[in-house]
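Next comes start-v9.txt, a file with compact mmCIF, C-alpha atoms.
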```txt
# COMPACT_ATOMS: atom_id res chain seq x y z
CA MET P 1 -80.87 -147.16 -39.44
CA GLN P 2 -83.43 -145.07 -41.24
CA GLU P 3 -84.32 -143.46 -37.95
CA PHE P 4 -80.75 -142.24 -37.49
CA ALA P 5 -80.74 -140.77 -40.99
CA VAL P 6 -83.98 -138.96 -40.18
CA ILE P 7 -82.48 -137.53 -36.97
CA LEU P 8 -79.40 -136.31 -38.83
CA VAL P 9 -81.32 -134.75 -41.72
CA SER P 10 -83.74 -133.19 -39.29
CA SER P 11 -81.10 -131.64 -37.06
CA ILE P 12 -78.75 -130.56 -39.86
CA LEU P 13 -81.20 -129.19 -42.42
CA ILE P 14 -84.82 -128.99 -41.31
CA ASN P 15 -84.35 -127.78 -37.75
CA ASN P 16 -80.98 -126.15 -38.36
CA TYR P 17 -80.07 -124.50 -35.09
CA VAL P 18 -78.75 -121.29 -36.57
CA LEU P 19 -80.89 -120.54 -39.58
CA VAL P 20 -84.22 -122.09 -38.60
CA GLN P 21 -84.28 -121.96 -34.81
CA PHE P 22 -82.05 -118.85 -34.58
CA LEU P 23 -79.90 -120.21 -31.76
CA GLY P 24 -76.16 -119.62 -31.61
CA LEU P 25 -76.14 -116.45 -33.71
CA CYS P 26 -73.27 -114.87 -31.79
CA PRO P 27 -70.48 -117.07 -33.19
CA PHE P 28 -72.35 -117.21 -36.51
CA MET P 29 -71.74 -113.47 -36.91
CA GLY P 30 -68.57 -113.20 -34.85
CA VAL P 31 -66.31 -115.96 -36.18
CA SER P 32 -67.41 -115.98 -39.81
CA LYS P 33 -65.01 -113.37 -41.16
CA LYS P 34 -62.34 -115.91 -42.03
CA LEU P 35 -62.91 -119.38 -43.38
CA GLU P 36 -60.00 -120.79 -41.40
CA SER P 37 -61.24 -119.68 -38.01
CA ALA P 38 -64.79 -120.64 -38.96
CA ILE P 39 -63.65 -124.21 -39.56
CA GLY P 40 -61.87 -124.28 -36.21
CA MET P 41 -64.89 -122.85 -34.44
CA SER P 42 -67.16 -125.38 -36.17
CA ALA P 43 -65.02 -128.27 -35.02
CA ALA P 44 -64.88 -126.98 -31.44
CA THR P 45 -68.63 -126.32 -31.30
CA THR P 46 -69.50 -129.71 -32.82
CA PHE P 47 -67.28 -131.39 -30.26
CA VAL P 48 -68.88 -129.46 -27.41
CA LEU P 49 -72.42 -130.09 -28.72
CA THR P 50 -71.92 -133.84 -29.05
CA LEU P 51 -70.24 -134.19 -25.68
CA THR P 52 -72.84 -131.98 -23.99
CA ALA P 53 -75.70 -133.99 -25.48
CA MET P 54 -74.15 -137.19 -24.12
CA VAL P 55 -73.28 -135.91 -20.66
CA SER P 56 -76.54 -134.04 -20.18
CA TYR P 57 -78.46 -137.17 -21.18
CA ILE P 58 -76.61 -139.11 -18.48
CA VAL P 59 -77.13 -136.36 -15.90
CA ASN P 60 -80.80 -136.08 -16.79
CA GLU P 61 -81.49 -139.81 -16.84
CA LEU P 62 -79.41 -140.94 -13.86
CA ILE P 63 -79.62 -137.99 -11.48
CA LEU P 64 -82.44 -135.59 -12.26
CA MET P 65 -85.22 -138.00 -13.30
CA PRO P 66 -84.93 -140.53 -10.43
CA LEU P 67 -84.85 -137.73 -7.86
CA GLY P 68 -87.71 -135.82 -9.46
CA LEU P 69 -85.53 -132.74 -9.98
CA MET P 70 -86.65 -131.89 -13.51
CA TYR P 71 -86.95 -128.23 -12.56
CA LEU P 72 -83.16 -128.16 -12.06
CA ARG P 73 -82.54 -129.12 -15.68
CA THR P 74 -81.44 -125.69 -16.86
CA ILE P 75 -78.97 -125.06 -14.08
CA ALA P 76 -77.61 -128.61 -14.18
CA PHE P 77 -77.15 -128.46 -17.95
CA ILE P 78 -75.39 -125.10 -17.68
CA LEU P 79 -73.03 -126.74 -15.21
CA VAL P 80 -72.43 -129.55 -17.71
CA ILE P 81 -71.85 -127.11 -20.57
CA ALA P 82 -69.44 -124.96 -18.58
CA ALA P 83 -67.40 -128.01 -17.64
CA VAL P 84 -67.36 -129.39 -21.19
CA VAL P 85 -66.34 -126.04 -22.67
CA GLN P 86 -63.58 -125.60 -20.12
CA PHE P 87 -62.36 -129.07 -20.95
CA THR P 88 -62.43 -128.29 -24.68
CA LYS P 89 -60.53 -125.07 -24.06
CA MET P 90 -57.77 -126.90 -22.20
CA PHE P 91 -57.67 -129.58 -24.87
CA ILE P 92 -57.33 -127.07 -27.74
CA GLU P 93 -54.81 -124.97 -25.85
CA LYS P 94 -52.68 -128.07 -25.48
CA THR P 95 -53.13 -129.56 -28.92
CA SER P 96 -53.35 -126.49 -31.17
CA PRO P 97 -52.06 -123.20 -29.69
CA LEU P 98 -52.58 -121.50 -33.06
CA LEU P 99 -56.28 -122.40 -33.22
CA TYR P 100 -56.51 -121.37 -29.57
CA ARG P 101 -55.25 -117.89 -30.45
CA VAL P 102 -57.44 -117.62 -33.54
CA LEU P 103 -60.61 -118.54 -31.66
CA GLY P 104 -59.65 -116.27 -28.78
CA VAL P 105 -62.62 -115.13 -26.76
CA PHE P 106 -65.13 -117.12 -28.81
CA LEU P 107 -63.93 -120.39 -27.33
CA PRO P 108 -65.07 -119.64 -23.77
CA LEU P 109 -68.11 -117.99 -25.31
CA ILE P 110 -69.34 -121.40 -26.51
CA THR P 111 -70.51 -121.66 -22.90
CA THR P 112 -73.09 -118.98 -23.54
CA ASN P 113 -73.92 -120.27 -27.00
CA CYS P 114 -77.64 -120.87 -26.65
CA ALA P 115 -77.53 -123.65 -29.26
CA VAL P 116 -75.68 -125.81 -26.74
CA LEU P 117 -78.24 -125.34 -23.99
CA GLY P 118 -80.95 -125.61 -26.62
CA VAL P 119 -79.78 -129.06 -27.71
CA ALA P 120 -79.56 -130.32 -24.13
CA LEU P 121 -83.02 -129.06 -23.18
CA GLN P 122 -84.71 -130.21 -26.39
CA ASN P 123 -83.20 -133.67 -26.01
CA ALA P 124 -84.55 -133.88 -22.47
CA ASN P 125 -88.00 -132.75 -23.60
CA LYS P 126 -88.17 -135.18 -26.52
CA ASP P 127 -87.42 -138.27 -24.39
CA LEU P 128 -84.76 -139.54 -26.78
CA ASN P 129 -82.52 -142.44 -25.82
CA PHE P 130 -78.75 -142.11 -25.38
CA LEU P 131 -77.77 -142.88 -28.96
CA GLN P 132 -80.49 -140.68 -30.39
CA SER P 133 -79.62 -137.71 -28.21
CA SER P 134 -75.90 -137.92 -28.94
CA LEU P 135 -76.70 -138.20 -32.64
CA TYR P 136 -78.99 -135.21 -32.31
CA GLY P 137 -76.20 -133.24 -30.63
CA PHE P 138 -73.77 -134.22 -33.36
CA GLY P 139 -76.33 -133.30 -36.03
CA ALA P 140 -76.87 -129.91 -34.44
CA GLY P 141 -73.10 -129.37 -34.48
CA ALA P 142 -72.82 -130.53 -38.08
CA GLY P 143 -75.65 -128.17 -39.08
CA PHE P 144 -73.96 -125.32 -37.26
CA SER P 145 -70.66 -126.13 -38.99
CA LEU P 146 -72.34 -126.35 -42.38
CA VAL P 147 -73.94 -122.91 -42.24
CA LEU P 148 -70.98 -121.28 -40.48
CA ILE P 149 -68.55 -122.52 -43.14
CA PHE P 150 -70.90 -121.57 -46.00
CA PHE P 151 -71.45 -118.17 -44.46
CA SER P 152 -67.77 -117.46 -43.87
CA ALA P 153 -66.94 -118.52 -47.44
CA MET P 154 -69.54 -116.04 -48.66
CA ARG P 155 -68.25 -113.31 -46.39
CA GLU P 156 -64.73 -113.81 -47.69
CA ARG P 157 -66.03 -113.21 -51.19
CA LEU P 158 -68.18 -110.31 -50.01
CA ALA P 159 -65.07 -108.66 -48.57
CA ALA P 160 -63.69 -108.40 -52.09
CA ALA P 161 -66.99 -107.56 -53.75
CA ASP P 162 -68.10 -104.11 -54.82
CA ILE P 163 -70.79 -103.42 -52.24
CA PRO P 164 -72.68 -100.10 -52.06
CA GLN P 165 -71.25 -98.13 -49.19
CA PRO P 166 -74.32 -98.09 -46.91
CA PHE P 167 -74.43 -101.90 -47.01
CA GLU P 168 -70.77 -102.55 -46.26
CA GLY P 169 -69.65 -104.71 -43.35
CA ALA P 170 -72.24 -106.00 -40.90
CA ALA P 171 -75.23 -104.83 -42.96
CA ILE P 172 -74.52 -107.03 -45.96
CA ALA P 173 -73.64 -109.91 -43.60
CA MET P 174 -77.06 -109.62 -41.95
CA ILE P 175 -78.80 -109.56 -45.34
CA THR P 176 -76.80 -112.61 -46.44
CA ALA P 177 -77.72 -114.44 -43.25
CA GLY P 178 -81.38 -113.59 -43.82
CA LEU P 179 -81.30 -114.94 -47.37
CA MET P 180 -79.58 -118.12 -46.17
CA SER P 181 -82.23 -118.50 -43.52
CA LEU P 182 -84.97 -118.14 -46.16
CA ALA P 183 -83.29 -120.86 -48.18
CA PHE P 184 -83.11 -123.19 -45.19
CA MET P 185 -86.78 -122.58 -44.40
CA GLY P 186 -87.38 -124.37 -47.71
CA PHE P 187 -86.28 -127.65 -46.11
CA SER P 188 -89.27 -127.74 -43.76
CA GLY P 189 -91.57 -130.61 -44.66
CA LEU P 190 -88.73 -132.60 -46.17
CA VAL P 191 -89.30 -135.59 -43.87
CA MET A 1 -81.37 -143.89 1.19
CA MET A 2 -83.22 -143.41 -2.09
CA SER A 3 -86.56 -142.86 -0.37
CA LEU A 4 -84.97 -140.31 1.97
CA LEU A 5 -83.82 -138.35 -1.06
CA THR A 6 -87.09 -138.57 -2.99
CA ASP A 7 -89.07 -137.51 0.10
CA ASN A 8 -86.78 -134.65 0.94
CA THR A 9 -86.61 -132.75 -2.35
CA MET A 10 -84.57 -129.86 -1.05
CA LEU A 11 -81.87 -132.15 0.24
CA ALA A 12 -81.96 -134.05 -3.02
CA ALA A 13 -81.59 -130.89 -5.09
CA LEU A 14 -78.76 -129.67 -2.91
CA LEU A 15 -76.93 -132.98 -3.01
CA ALA A 16 -77.43 -133.41 -6.75
CA LEU A 17 -75.99 -130.02 -7.66
CA VAL A 18 -73.17 -130.15 -5.12
CA GLY A 19 -72.34 -133.65 -6.32
CA LEU A 20 -72.34 -132.61 -9.97
CA GLY A 21 -70.23 -129.56 -9.22
CA THR A 22 -67.70 -131.58 -7.27
CA LEU A 23 -67.55 -134.24 -9.95
CA PHE A 24 -66.97 -131.75 -12.77
CA GLY A 25 -64.54 -129.76 -10.65
CA GLY A 26 -62.53 -132.89 -10.00
CA LEU A 27 -62.53 -133.85 -13.67
CA LEU A 28 -61.45 -130.37 -14.72
CA GLY A 29 -58.72 -130.33 -12.10
CA TYR A 30 -57.44 -133.62 -13.46
CA ALA A 31 -57.66 -132.32 -17.05
CA ALA A 32 -55.83 -129.11 -16.09
CA GLU A 33 -53.00 -131.23 -14.75
CA LYS A 34 -52.99 -133.54 -17.75
CA PHE A 35 -53.25 -130.86 -20.44
CA LYS A 36 -50.87 -128.45 -18.78
CA VAL A 37 -49.34 -126.05 -21.29
CA GLY A 38 -45.57 -126.27 -21.31
CA SER A 39 -44.50 -122.66 -21.62
CA ASP A 40 -44.75 -120.40 -18.64
CA PRO A 41 -47.61 -117.90 -19.15
CA ILE A 42 -45.72 -115.22 -17.20
CA VAL A 43 -42.96 -115.28 -19.84
CA GLN A 44 -45.64 -114.71 -22.47
CA GLN A 45 -47.04 -111.75 -20.56
CA LEU A 46 -43.60 -110.24 -19.98
CA ASP A 47 -42.78 -110.70 -23.65
CA GLU A 48 -45.93 -108.81 -24.59
CA LEU A 49 -44.91 -105.88 -22.39
CA LEU A 50 -41.44 -105.61 -23.88
CA PRO A 51 -41.19 -103.35 -26.97
CA GLN A 52 -40.23 -106.17 -29.41
CA THR A 53 -37.38 -104.18 -30.93
CA GLN A 54 -35.19 -107.31 -30.66
CA CYS A 55 -32.30 -104.87 -30.32
CA GLY A 56 -30.25 -106.87 -27.83
CA GLN A 57 -29.32 -103.85 -25.71
CA CYS A 58 -30.30 -105.80 -22.60
CA GLY A 59 -27.58 -108.34 -23.33
CA PHE A 60 -29.97 -111.03 -24.51
CA PRO A 61 -30.50 -112.01 -28.17
CA GLY A 62 -34.08 -110.71 -28.22
CA CYS A 63 -37.11 -109.70 -26.21
CA ARG A 64 -38.35 -113.20 -25.47
CA PRO A 65 -35.05 -114.45 -23.99
CA TYR A 66 -35.01 -111.34 -21.79
CA ALA A 67 -38.60 -112.05 -20.73
CA GLN A 68 -37.52 -115.59 -19.82
CA SER A 69 -34.60 -114.16 -17.87
CA ILE A 70 -36.84 -111.73 -15.97
CA ALA A 71 -39.10 -114.63 -15.07
CA ASP A 72 -36.01 -116.38 -13.70
CA GLY A 73 -35.22 -113.40 -11.51
CA ASP A 74 -33.15 -111.00 -13.61
CA ALA A 75 -33.33 -107.21 -13.14
CA ILE A 76 -36.20 -105.55 -15.00
CA ASN A 77 -34.43 -102.27 -15.86
CA LYS A 78 -32.30 -103.34 -18.80
CA CYS A 79 -34.54 -102.25 -21.67
CA PRO A 80 -33.71 -98.77 -23.05
CA PRO A 81 -36.20 -98.83 -25.98
CA GLY A 82 -39.07 -99.57 -23.61
CA GLY A 83 -37.91 -96.95 -21.16
CA GLN A 84 -39.46 -96.16 -17.83
CA SER A 85 -43.01 -96.95 -18.95
CA THR A 86 -42.08 -100.57 -19.76
CA ILE A 87 -40.24 -100.90 -16.45
CA ASN A 88 -43.30 -99.62 -14.63
CA ALA A 89 -45.59 -102.00 -16.49
CA ILE A 90 -43.37 -105.00 -15.72
CA ALA A 91 -43.07 -103.93 -12.08
CA ASN A 92 -46.84 -103.71 -11.96
CA LEU A 93 -47.21 -107.20 -13.44
CA LEU A 94 -44.69 -108.74 -11.06
CA ASP A 95 -45.92 -106.66 -8.13
CA ILE A 96 -42.49 -105.27 -7.28
CA SER A 97 -41.27 -101.69 -7.01
CA ALA A 98 -40.08 -100.08 -10.24
CA PRO A 99 -36.36 -99.24 -10.42
CA SER A 100 -35.09 -96.58 -12.79
CA LEU A 101 -33.47 -97.52 -16.08
CA ASP A 102 -30.01 -99.09 -15.81
CA GLU A 103 -27.70 -96.63 -17.62
CA GLU A 104 -25.26 -99.41 -18.42
CA HIS A 105 -27.55 -100.76 -21.14
CA GLY A 106 -28.23 -97.43 -22.81
CA GLU A 107 -30.40 -94.38 -22.39
CA GLU A 108 -34.00 -93.85 -23.19
CA GLU A 109 -34.28 -91.83 -26.35
CA ILE A 110 -37.05 -90.53 -28.48
CA ARG A 111 -38.24 -93.22 -30.85
CA THR A 112 -36.47 -93.22 -34.18
CA ILE A 113 -36.61 -95.26 -37.34
CA ALA A 114 -33.88 -95.98 -39.84
CA TYR A 115 -33.75 -94.13 -43.15
CA ILE A 116 -31.42 -95.16 -45.98
CA ARG A 117 -30.13 -92.34 -48.19
CA GLU A 118 -30.88 -94.23 -51.32
CA ASP A 119 -28.56 -92.51 -53.79
CA GLU A 120 -25.59 -93.32 -51.56
CA CYS A 121 -26.51 -96.97 -50.98
CA ILE A 122 -24.16 -99.38 -52.77
CA GLY A 123 -26.35 -102.45 -52.30
CA CYS A 124 -24.04 -104.47 -50.05
CA THR A 125 -26.92 -106.22 -48.15
CA LYS A 126 -24.99 -105.91 -44.85
CA CYS A 127 -27.77 -103.97 -43.17
CA ILE A 128 -30.33 -106.54 -44.34
CA GLN A 129 -28.42 -109.25 -42.50
CA ALA A 130 -28.17 -107.12 -39.39
CA CYS A 131 -31.87 -106.25 -39.20
CA PRO A 132 -33.56 -108.41 -36.51
CA VAL A 133 -37.07 -107.80 -37.84
CA ASP A 134 -36.47 -108.01 -41.62
CA ALA A 135 -37.54 -104.43 -42.13
CA ILE A 136 -34.99 -103.70 -44.86
CA LEU A 137 -35.86 -104.45 -48.44
CA GLY A 138 -33.35 -104.87 -51.27
CA ALA A 139 -31.00 -107.22 -53.11
CA ALA A 140 -27.27 -107.37 -53.82
CA LYS A 141 -26.02 -104.36 -55.84
CA LEU A 142 -29.49 -102.90 -55.81
CA MET A 143 -30.65 -100.01 -53.67
CA HIS A 144 -32.05 -100.89 -50.25
CA THR A 145 -34.83 -99.21 -48.37
CA VAL A 146 -36.50 -99.46 -44.96
CA ILE A 147 -40.09 -100.50 -44.44
CA ALA A 148 -41.00 -97.72 -42.02
CA ASP A 149 -43.90 -99.62 -40.45
CA GLU A 150 -41.70 -102.61 -39.63
CA CYS A 151 -38.64 -100.74 -38.34
CA THR A 152 -38.26 -100.87 -34.57
CA GLY A 153 -35.49 -98.27 -34.39
CA CYS A 154 -32.92 -100.63 -32.85
CA ASP A 155 -29.83 -99.02 -34.51
CA LEU A 156 -28.35 -102.42 -35.41
CA CYS A 157 -28.16 -101.58 -39.13
CA VAL A 158 -26.17 -98.35 -38.65
CA GLU A 159 -22.94 -100.03 -37.59
CA PRO A 160 -22.48 -102.51 -40.47
CA CYS A 161 -23.13 -99.96 -43.25
CA PRO A 162 -19.76 -99.41 -45.07
CA VAL A 163 -20.78 -96.06 -46.59
CA ASP A 164 -22.68 -94.71 -43.55
CA CYS A 165 -25.79 -93.96 -45.54
CA ILE A 166 -28.26 -94.91 -42.78
CA ASP A 167 -29.71 -92.15 -40.64
CA MET A 168 -31.82 -92.64 -37.55
CA LEU A 169 -34.62 -90.13 -37.90
CA PRO A 170 -37.08 -89.30 -35.13
CA ILE A 171 -40.60 -90.47 -35.87
CA ILE A 172 -42.73 -87.58 -36.99
CA GLU A 173 -45.96 -87.66 -35.09
CA ASN A 174 -48.98 -87.82 -37.34
CA ILE A 175 -52.67 -88.40 -36.92
CA HIS A 176 -52.26 -92.19 -37.11
CA GLN A 177 -49.96 -92.63 -34.11
CA TRP A 178 -50.85 -89.67 -31.95
CA GLN A 179 -52.00 -90.64 -28.48
CA TRP A 180 -53.13 -88.81 -25.41
CA SER A 181 -50.23 -88.44 -23.06
CA ALA A 182 -50.57 -90.31 -19.79
CA PRO A 183 -52.10 -88.23 -16.99
CA GLU A 184 -49.55 -86.75 -14.62
CA HIS A 185 -49.63 -87.47 -10.88
CA SER A 186 -51.95 -90.42 -11.45
CA ALA A 187 -50.58 -92.00 -8.26
CA ASP A 188 -52.15 -89.29 -6.11
CA LEU A 189 -55.65 -89.57 -7.50
CA ILE A 190 -56.81 -91.99 -4.82
CA ALA A 191 -56.09 -91.16 -1.21
CA THR A 192 -54.48 -93.97 0.73
CA THR A 193 -52.96 -94.05 4.16
CA ALA A 194 -49.50 -94.19 2.63
CA SER A 195 -49.79 -91.14 0.43
CA GLY A 196 -52.21 -88.46 -0.61
CA MET A 197 -53.74 -87.99 2.85
CA HIS A 198 -53.67 -84.44 4.10
CA GLU A 199 -51.97 -83.89 7.41
CA ASP A 200 -54.95 -82.09 8.89
CA ALA A 201 -57.36 -84.83 7.83
CA ALA A 202 -55.46 -87.46 9.80
```
Represent the structure from my file as structure tokens, please.
Amino acid sequence: MQEFAVILVSSILINNYVLVQFLGLCPFMGVSKKLESAIGMSAATTFVLTLTAMVSYIVNELILMPLGLMYLRTIAFILVIAAVVQFTKMFIEKTSPLLYRVLGVFLPLITTNCAVLGVALQNANKDLNFLQSSLYGFGAGAGFSLVLIFFSAMRERLAAADIPQPFEGAAIAMITAGLMSLAFMGFSGLV
Amino acid sequence: MMSLLTDNTMLAALLALVGLGTLFGGLLGYAAEKFKVGSDPIVQQLDELLPQTQCGQCGFPGCRPYAQSIADGDAINKCPPGGQSTINAIANLLDISAPSLDEEHGEEEIRTIAYIREDECIGCTKCIQACPVDAILGAAKLMHTVIADECTGCDLCVEPCPVDCIDMLPIIENIHQWQWSAPEHSADLIATTASGMHEDAA
């Protein structure tokens, strides 16, 4: 039980995919203008990350390892991710057309979100078991959601704040992200 | 079987990826069938091409019903506010030849918006009820006015006004709406066998 807690804390805070490992920065900047769409994007990405971690574990363990095809990991995982994202897209389009329109192009772009491939490859390298790797995927998604929602809440307030003109827009967002990243670096050595 | 695959790595790699691809393809095909979205996407696309004036000049209550009707096979030249450019765009989408505008439904005019002469307005709210896009602001026995950005220029408020205080004014072009005009003779830019070929070249 303690082991699971360690995996979660490690993937959410210490090795946060966005702010510590700098993976998945595209949606972090792109979908953080509005809190509402950030929450939707977080949910979709967490879903994709968890599912990808599970499926890629199965693919790795049952197909690639027995056949000695470890060098095909990247391409096989990309195949897995593309399929999972496409599935998520169909699912959201059916269940929530509004969220589908809000997320727009960023939904298919989860495919190229390097955090997703990062989770799959790191899981394969760390030799985790099925439960651990799916938990790791979920933790990565939860960490991504956490910082994305924090960041979008800050950006909503920044939009109303009195910012010096040269720093308006993307510039102040970058500075904010950098400060958040500094703060998250403080978690290293927690476990 | 297993030893054949482990010995022959190329075959194994090929089979593994083809197998994975087929498996995921099959699953996605099943999901596409299961999560099929009800509304017809072509209606959506047609609706986006129509000018959204909701004026009803086509004989349908709004742009979306007309889009639905086009998808069911109705004529595409019933939209005067959109004019020839909308007809061409729809013809392009449906891959059919573009007819000219059907005069029966009205003529293409320069775009106008409604303007209420406010000192003559008696505050009857009749134009508010007629407006399909809620672009008229006001309350009973109080002066009404038109939100210029929302007005689609559909003329539907002119008829109900008992004191005829609504004018349709042409939109004055300013720096915010000005656009490059479409290039003329764009059809001849690329030479095809059907048109644009010089006689002597053939």
Next item on the list: Tell me the residues of chain A close to chain P, meaning within 8 Å using only C-alpha atoms, as JSON, numbers by chain.
Entry: {"A": [5, 6, 9, 12, 13, 16, 17, 20, 21, 24, 25, 28, 31, 32, 35, 36, 37]}
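CA of Pro27 in chain P is found 11.4 Å from CA of Phe151 in chain P.
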Centre, edges in Å (one decimal): axis-aligned box, range 117-129 of chain A, 6 Å padding on all six sides, as lines of an AutoDock Vina configuration file:
```
center_x = -27.5
center_y = -100.8
center_z = -48.1
size_x = 18.8
size_y = 28.9
size_z = 23.3
```
Next item on the list: Go ahead and compute the interatomic distance for CA of Leu121 in chain P and CA of Val85 in chain P, in Å to one decimal.
Entry: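 Answer for the CA of Leu121 in chain P to CA of Val85 in chain P separation: 17.0 Å.
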Margin query: If we count all atoms listed in the file and set the cut-off at 12 Å, which residues sit around Met180 in chain P, ignoring sequence neighbours fewer than 6 positions away in its own chain? Please answer as a list in words.
Written below: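 The filter keeps Leu13, Asn16, Val18, Leu19, Val20, Phe22, Leu146, Val147, Leu148, Phe150, Phe151, Met154, Ala173, Met174, Gly186 and Phe187 of chain P.
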Next item on the list: Grab the CA of Leu23 in chain A to CA of Ser134 in chain P distance for me, in Å with one decimal place.
Entry: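 Calculated distance between CA of Leu23 in chain A and CA of Ser134 in chain P is 21.1 Å.
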Dig up all the protein and nucleic acid residues within 12 Å of (-85.3, -138.7, -41.8) in the file frame, using only C-alpha atoms, and format them as a PDB file with C-alpha atoms, keeping the file's coordinate frame.
```
ATOM      1  CA  MET P   1     -80.870-147.160 -39.440  1.00  0.00           C
ATOM      2  CA  GLN P   2     -83.430-145.070 -41.240  1.00  0.00           C
ATOM      3  CA  GLU P   3     -84.320-143.460 -37.950  1.00  0.00           C
ATOM      4  CA  PHE P   4     -80.750-142.240 -37.490  1.00  0.00           C
ATOM      5  CA  ALA P   5     -80.740-140.770 -40.990  1.00  0.00           C
ATOM      6  CA  VAL P   6     -83.980-138.960 -40.180  1.00  0.00           C
ATOM      7  CA  ILE P   7     -82.480-137.530 -36.970  1.00  0.00           C
ATOM      8  CA  LEU P   8     -79.400-136.310 -38.830  1.00  0.00           C
ATOM      9  CA  VAL P   9     -81.320-134.750 -41.720  1.00  0.00           C
ATOM     10  CA  SER P  10     -83.740-133.190 -39.290  1.00  0.00           C
ATOM     11  CA  SER P  11     -81.100-131.640 -37.060  1.00  0.00           C
ATOM     12  CA  ILE P  12     -78.750-130.560 -39.860  1.00  0.00           C
ATOM     13  CA  LEU P  13     -81.200-129.190 -42.420  1.00  0.00           C
ATOM     14  CA  ILE P  14     -84.820-128.990 -41.310  1.00  0.00           C
ATOM     15  CA  ASN P  15     -84.350-127.780 -37.750  1.00  0.00           C
ATOM     16  CA  TYR P 136     -78.990-135.210 -32.310  1.00  0.00           C
ATOM     17  CA  GLY P 139     -76.330-133.300 -36.030  1.00  0.00           C
ATOM     18  CA  PHE P 187     -86.280-127.650 -46.110  1.00  0.00           C
ATOM     19  CA  SER P 188     -89.270-127.740 -43.760  1.00  0.00           C
ATOM     20  CA  GLY P 189     -91.570-130.610 -44.660  1.00  0.00           C
ATOM     21  CA  LEU P 190     -88.730-132.600 -46.170  1.00  0.00           C
ATOM     22  CA  VAL P 191     -89.300-135.590 -43.870  1.00  0.00           C
TER      23      VAL P 191
END
```
Checklist line | Nearest candidate to Phe184 in chain P (options P:Gly143, P:Pro164, P:Val48, P:Arg73; using only C-alpha atoms) | finding: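 Of P:Gly143, P:Pro164, P:Val48, P:Arg73, the one nearest Phe184 in chain P, counting only C-alpha atoms, is P:Gly143.
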Next item on the list: Please provide as an MDAnalysis selection string all residues within 12 Å of Gly40 in chain P, with the sequence filter that same-chain residues fewer than 4 positions apart are discarded (counting all atoms listed in the file).
Entry: chainID P and resid 27 31:32 34:36 44:47 92 96:104 106:107 145 148:149 152
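Remark: for Pro162 in chain A, the closest of the candidate residues A:Ile116, A:Leu49, A:Leu101, A:Cys127 is A:Cys127 (distances computed over only C-alpha atoms).
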Checklist line | Polymer residues at most 10 Å from Thr53 in chain A, all atoms listed in the file, same-chain spacing of 5 or more positions, as a ChimeraX atom specification | finding: /A:62-63,79,81-82,132-133,150-155
Next item on the list: Check the smallest atom-to-atom distance from each of A:Pro65, A:Glu104, A:Gly56, A:Ala130 to Asn77 in chain A using only C-alpha atoms, then report the winner.
Entry: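 When distances to Asn77 in chain A are compared using only C-alpha atoms, the smallest one comes from A:Glu104.
Of the listed residues (A:Asp164, A:Ser69, A:Ala98, A:Glu159), A:Asp164 comes nearest to Cys121 in chain A; the distances count only C-alpha atoms.
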Next item on the list: Identify, on the basis of only C-alpha atoms, every residue whose closest approach to Ile172 in chain P does not exceed 12 Å; exclude the query and any residue fewer than 3 positions from it along the same chain; express the result as a list in words.
Entry: Met29, Phe151, Met154, Arg155, Arg157, Leu158, Ala159, Ala161, Asp162, Ile163, Pro164, Gln165, Pro166, Phe167, Glu168, Gly169, Ile175, Thr176, Ala177, Gly178 and Leu179 of chain P
